[in-house]
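Contents: one structure, followed by commentary.
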Amino acid sequence: MRVIRKYANRRLYDTQQSRYVTLEDLRRLVLDDEPFRVEDAKSGEDLTRTILLSIIIEQEQADGEAEVFSNDLLAQFIRVYDMAQPLPLARYLEQGTQLMLEQQKRMQDQWQQAMRHSPMELMREMAEENMRFWQQAIGQGQPGKPESKEKTGKNDDSDK
């Protein structure tokens with residue numbers, strides 16, 4: 001697992017690549033399903049969760065239209081932390097999000113499959129097949145390549 005060290009100056013250092021990285025670099029690792037652990041450079045304390053939350057905050061602030069967490073939802077999260085017996089919210093959110101991502105992937109795959117079999121795609125495939133046929137047919141009639149009598153259908157009386 002890739003180890004990222006966080007220093008007191010708030011800089012993040014990727015020990016595998018021997019270079020400083022940004023939250024955007026770590027976001028890219030998440031998107032690429034590359035596991036990593038962020039640890040405090042002095043104490044070794046695991047800071048991964050805090051860094052992941054920072055990435056989410058940065059995403060939320062960067063694009064107002066792609067907002068995932070509304071003010072009401074965030075307020076409800078805060079209330080969950082104050083409950084005498086907190087709900088098993090983490091497990092529910094993990095499972096719900098995983099299900100949503102799987103369904104989204106399935107829909108994208110089905111959409112791509114449907115687009116592959118669109119009328120335009122069928123026409124393209126037929127055109128490519130016709131092109132291959134004519135290239136092969138023309139290639140056989142080129143000079144230097146003997147044509148058989150059977151293929152040309154010609155009766156040449158000079159052979160008699």
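Quick note on naming: the chains in the structure tokens go A, B, ... in the order shown, residues restart at 1 in each chain, and ligands are numbered from 1 in order of appearance.
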
Please build the interface table for range 106-137 of chain A against range 93-102 of chain A with a cut-off of 12 Å, listing for each qualifying residue the nearest atom pair and the distance in Å to one decimal; count only C-alpha atoms, order rows by chain and increasing number, and write it as a tab-separated table.
residue	atom	partner	partner_atom	distance
A:Arg106	CA	A:Glu102	CA	6.2
A:Met107	CA	A:Glu102	CA	8.6
A:Gln108	CA	A:Glu102	CA	9.9
A:Asp109	CA	A:Glu102	CA	10.5

Requested in this report: Enumerate as a ChimeraX atom specification all residues of chain A assigned to strand (DSSP E) by DSSP on the backbone, naming them with the chain letters and numbers the document uses.
Outcome: /A:2-6,12-14,19-21,36-40

Those residues you just picked out, can you put them in a file as a PDB file, in the first residue's frame with N, CA, C and O atoms?
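Below is the file that was written, result.pdb:
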ATOM      1  N   ARG A   2       0.511   2.194  -0.806  1.00  0.00           N
ATOM      2  CA  ARG A   2       1.262   3.436  -0.924  1.00  0.00           C
ATOM      3  C   ARG A   2       1.126   4.240   0.369  1.00  0.00           C
ATOM      4  O   ARG A   2       0.033   4.359   0.913  1.00  0.00           O
ATOM      5  N   VAL A   3       2.242   4.783   0.846  1.00  0.00           N
ATOM      6  CA  VAL A   3       2.241   5.585   2.075  1.00  0.00           C
ATOM      7  C   VAL A   3       2.505   7.041   1.715  1.00  0.00           C
ATOM      8  O   VAL A   3       3.466   7.358   1.005  1.00  0.00           O
ATOM      9  N   ILE A   4       1.629   7.897   2.219  1.00  0.00           N
ATOM     10  CA  ILE A   4       1.764   9.340   2.054  1.00  0.00           C
ATOM     11  C   ILE A   4       2.029   9.914   3.439  1.00  0.00           C
ATOM     12  O   ILE A   4       1.288   9.627   4.378  1.00  0.00           O
ATOM     13  N   ARG A   5       3.073  10.708   3.548  1.00  0.00           N
ATOM     14  CA  ARG A   5       3.392  11.323   4.846  1.00  0.00           C
ATOM     15  C   ARG A   5       2.962  12.779   4.832  1.00  0.00           C
ATOM     16  O   ARG A   5       3.230  13.502   3.870  1.00  0.00           O
ATOM     17  N   LYS A   6       2.313  13.168   5.933  1.00  0.00           N
ATOM     18  CA  LYS A   6       1.891  14.569   6.080  1.00  0.00           C
ATOM     19  C   LYS A   6       2.825  15.228   7.084  1.00  0.00           C
ATOM     20  O   LYS A   6       2.968  14.769   8.215  1.00  0.00           O
ATOM     21  N   LEU A  12       2.147  17.101   1.731  1.00  0.00           N
ATOM     22  CA  LEU A  12       1.968  15.651   1.625  1.00  0.00           C
ATOM     23  C   LEU A  12       3.073  15.086   0.747  1.00  0.00           C
ATOM     24  O   LEU A  12       3.321  15.586  -0.352  1.00  0.00           O
ATOM     25  N   TYR A  13       3.722  14.030   1.233  1.00  0.00           N
ATOM     26  CA  TYR A  13       4.853  13.449   0.520  1.00  0.00           C
ATOM     27  C   TYR A  13       4.570  11.992   0.196  1.00  0.00           C
ATOM     28  O   TYR A  13       4.309  11.175   1.080  1.00  0.00           O
ATOM     29  N   ASP A  14       4.604  11.655  -1.085  1.00  0.00           N
ATOM     30  CA  ASP A  14       4.388  10.293  -1.557  1.00  0.00           C
ATOM     31  C   ASP A  14       5.715   9.545  -1.460  1.00  0.00           C
ATOM     32  O   ASP A  14       6.665   9.839  -2.197  1.00  0.00           O
ATOM     33  N   ARG A  19       8.074  12.246  -4.030  1.00  0.00           N
ATOM     34  CA  ARG A  19       7.715  13.608  -4.439  1.00  0.00           C
ATOM     35  C   ARG A  19       6.545  14.109  -3.605  1.00  0.00           C
ATOM     36  O   ARG A  19       5.782  13.319  -3.042  1.00  0.00           O
ATOM     37  N   TYR A  20       6.408  15.432  -3.552  1.00  0.00           N
ATOM     38  CA  TYR A  20       5.272  16.020  -2.861  1.00  0.00           C
ATOM     39  C   TYR A  20       4.045  15.913  -3.748  1.00  0.00           C
ATOM     40  O   TYR A  20       4.136  15.997  -4.984  1.00  0.00           O
ATOM     41  N   VAL A  21       2.885  15.691  -3.114  1.00  0.00           N
ATOM     42  CA  VAL A  21       1.633  15.546  -3.857  1.00  0.00           C
ATOM     43  C   VAL A  21       0.593  16.505  -3.304  1.00  0.00           C
ATOM     44  O   VAL A  21       0.745  17.042  -2.200  1.00  0.00           O
ATOM     45  N   PHE A  36      -4.087   3.804  -0.573  1.00  0.00           N
ATOM     46  CA  PHE A  36      -3.017   4.547   0.077  1.00  0.00           C
ATOM     47  C   PHE A  36      -3.392   4.816   1.525  1.00  0.00           C
ATOM     48  O   PHE A  36      -4.544   4.719   1.913  1.00  0.00           O
ATOM     49  N   ARG A  37      -2.375   5.146   2.284  1.00  0.00           N
ATOM     50  CA  ARG A  37      -2.541   5.491   3.694  1.00  0.00           C
ATOM     51  C   ARG A  37      -1.790   6.790   3.918  1.00  0.00           C
ATOM     52  O   ARG A  37      -0.647   6.935   3.492  1.00  0.00           O
ATOM     53  N   VAL A  38      -2.457   7.739   4.575  1.00  0.00           N
ATOM     54  CA  VAL A  38      -1.807   8.996   4.915  1.00  0.00           C
ATOM     55  C   VAL A  38      -1.481   8.942   6.397  1.00  0.00           C
ATOM     56  O   VAL A  38      -2.347   8.659   7.220  1.00  0.00           O
ATOM     57  N   GLU A  39      -0.226   9.204   6.711  1.00  0.00           N
ATOM     58  CA  GLU A  39       0.175   9.166   8.122  1.00  0.00           C
ATOM     59  C   GLU A  39       0.955  10.427   8.485  1.00  0.00           C
ATOM     60  O   GLU A  39       1.600  11.041   7.640  1.00  0.00           O
ATOM     61  N   ASP A  40       0.839  10.788   9.749  1.00  0.00           N
ATOM     62  CA  ASP A  40       1.591  11.922  10.275  1.00  0.00           C
ATOM     63  C   ASP A  40       3.076  11.560  10.238  1.00  0.00           C
ATOM     64  O   ASP A  40       3.471  10.477  10.687  1.00  0.00           O
TER      65      ASP A  40
END

Report summary line: One decimal place gives the CA of Gln112 in chain A-CA of Glu67 in chain A separation as 26.7 Å

Report task. Could you please determine the separation between CA of Ile51 in chain A and CA of Leu29 in chain A in Å, to one decimal place? Result ->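 Value for the CA of Ile51 in chain A-CA of Leu29 in chain A distance: 12.5 Å.
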
Query raised in the report: Which residue out of A:Gln17, A:Ala75, A:Tyr7, A:Gln135 has the minimum interatomic distance to Glu45 in chain A when only C-alpha atoms are used?
Result: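 Of A:Gln17, A:Ala75, A:Tyr7, A:Gln135, the one nearest Glu45 in chain A is A:Tyr7, counting only C-alpha atoms.
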
Report task. Give the answer as one residue: which of A:Arg91, A:Arg28, A:Arg116, A:Arg10 has the shortest atom-to-atom distance to Ala41 in chain A, using only C-alpha atoms? Result ->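 Answer, going by the shortest atom-to-atom distance: A:Arg10.
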
Report task. Please run DSSP on the backbone and report, as an MDAnalysis selection string, all residues within range 8-118 of chain A that come out as alpha helix (DSSP H). Result -> chainID A and resid 23:31 48:62 71:81 89:116

Requested in this report: Quick one: everything within 7 Å of range 55-58 of chain A, counting only C-alpha atoms, minus sequence neighbours fewer than 3 positions away in the same chain. Send it as a ChimeraX atom specification.
Outcome: /A:23,27,51-52,61-62

Taking all heavy atoms for each residue, export the selection above as a PDB file, in the first residue's frame.
ATOM      1  N   LEU A  23      -3.814  17.376  -2.859  1.00  0.00           N
ATOM      2  CA  LEU A  23      -5.086  16.675  -2.647  1.00  0.00           C
ATOM      3  C   LEU A  23      -5.637  16.173  -3.985  1.00  0.00           C
ATOM      4  O   LEU A  23      -6.236  15.100  -4.051  1.00  0.00           O
ATOM      5  CB  LEU A  23      -6.096  17.592  -1.962  1.00  0.00           C
ATOM      6  CG  LEU A  23      -5.854  17.900  -0.494  1.00  0.00           C
ATOM      7  CD1 LEU A  23      -6.921  18.860   0.030  1.00  0.00           C
ATOM      8  CD2 LEU A  23      -5.821  16.642   0.348  1.00  0.00           C
ATOM      9  N   ARG A  27      -6.837  12.516  -4.895  1.00  0.00           N
ATOM     10  CA  ARG A  27      -8.172  12.282  -5.476  1.00  0.00           C
ATOM     11  C   ARG A  27      -8.036  11.364  -6.692  1.00  0.00           C
ATOM     12  O   ARG A  27      -8.811  10.427  -6.880  1.00  0.00           O
ATOM     13  CB  ARG A  27      -8.823  13.599  -5.865  1.00  0.00           C
ATOM     14  CG  ARG A  27     -10.243  13.456  -6.392  1.00  0.00           C
ATOM     15  CD  ARG A  27     -10.831  14.803  -6.785  1.00  0.00           C
ATOM     16  NE  ARG A  27     -10.428  15.186  -8.115  1.00  0.00           N
ATOM     17  CZ  ARG A  27     -11.029  14.779  -9.240  1.00  0.00           C
ATOM     18  NH1 ARG A  27     -12.079  13.990  -9.179  1.00  0.00           N
ATOM     19  NH2 ARG A  27     -10.591  15.159 -10.409  1.00  0.00           N
ATOM     20  N   ILE A  51      -7.839  13.276   5.481  1.00  0.00           N
ATOM     21  CA  ILE A  51      -7.450  13.715   4.137  1.00  0.00           C
ATOM     22  C   ILE A  51      -8.578  13.445   3.140  1.00  0.00           C
ATOM     23  O   ILE A  51      -8.881  14.271   2.273  1.00  0.00           O
ATOM     24  CB  ILE A  51      -6.131  13.044   3.694  1.00  0.00           C
ATOM     25  CG1 ILE A  51      -4.981  13.520   4.576  1.00  0.00           C
ATOM     26  CG2 ILE A  51      -5.846  13.297   2.224  1.00  0.00           C
ATOM     27  CD1 ILE A  51      -4.702  15.017   4.533  1.00  0.00           C
ATOM     28  N   LEU A  52      -9.224  12.284   3.250  1.00  0.00           N
ATOM     29  CA  LEU A  52     -10.353  11.974   2.360  1.00  0.00           C
ATOM     30  C   LEU A  52     -11.487  12.980   2.552  1.00  0.00           C
ATOM     31  O   LEU A  52     -12.102  13.427   1.574  1.00  0.00           O
ATOM     32  CB  LEU A  52     -10.842  10.542   2.595  1.00  0.00           C
ATOM     33  CG  LEU A  52      -9.880   9.438   2.155  1.00  0.00           C
ATOM     34  CD1 LEU A  52     -10.395   8.069   2.601  1.00  0.00           C
ATOM     35  CD2 LEU A  52      -9.633   9.464   0.658  1.00  0.00           C
ATOM     36  N   GLN A  61     -16.675  22.443  -2.745  1.00  0.00           N
ATOM     37  CA  GLN A  61     -16.478  23.872  -2.950  1.00  0.00           C
ATOM     38  C   GLN A  61     -16.120  24.207  -4.392  1.00  0.00           C
ATOM     39  O   GLN A  61     -16.415  25.298  -4.859  1.00  0.00           O
ATOM     40  CB  GLN A  61     -15.380  24.392  -2.013  1.00  0.00           C
ATOM     41  CG  GLN A  61     -15.798  24.359  -0.561  1.00  0.00           C
ATOM     42  CD  GLN A  61     -14.661  24.698   0.391  1.00  0.00           C
ATOM     43  OE1 GLN A  61     -13.489  24.637   0.025  1.00  0.00           O
ATOM     44  NE2 GLN A  61     -15.008  25.034   1.619  1.00  0.00           N
ATOM     45  N   ALA A  62     -15.506  23.279  -5.088  1.00  0.00           N
ATOM     46  CA  ALA A  62     -15.026  23.537  -6.442  1.00  0.00           C
ATOM     47  C   ALA A  62     -16.155  23.645  -7.454  1.00  0.00           C
ATOM     48  O   ALA A  62     -16.097  24.453  -8.366  1.00  0.00           O
ATOM     49  CB  ALA A  62     -14.050  22.443  -6.869  1.00  0.00           C
TER      50      ALA A  62
END

Requested in this report: Considering only C-alpha atoms, return as number ranges by chain whatever protein or nucleic-acid residues lie within 12 Å of range 71-74 of chain A, sequence-local ones (same chain, fewer than 6 positions apart) excluded.
Outcome: A: 57, 60, 80-81
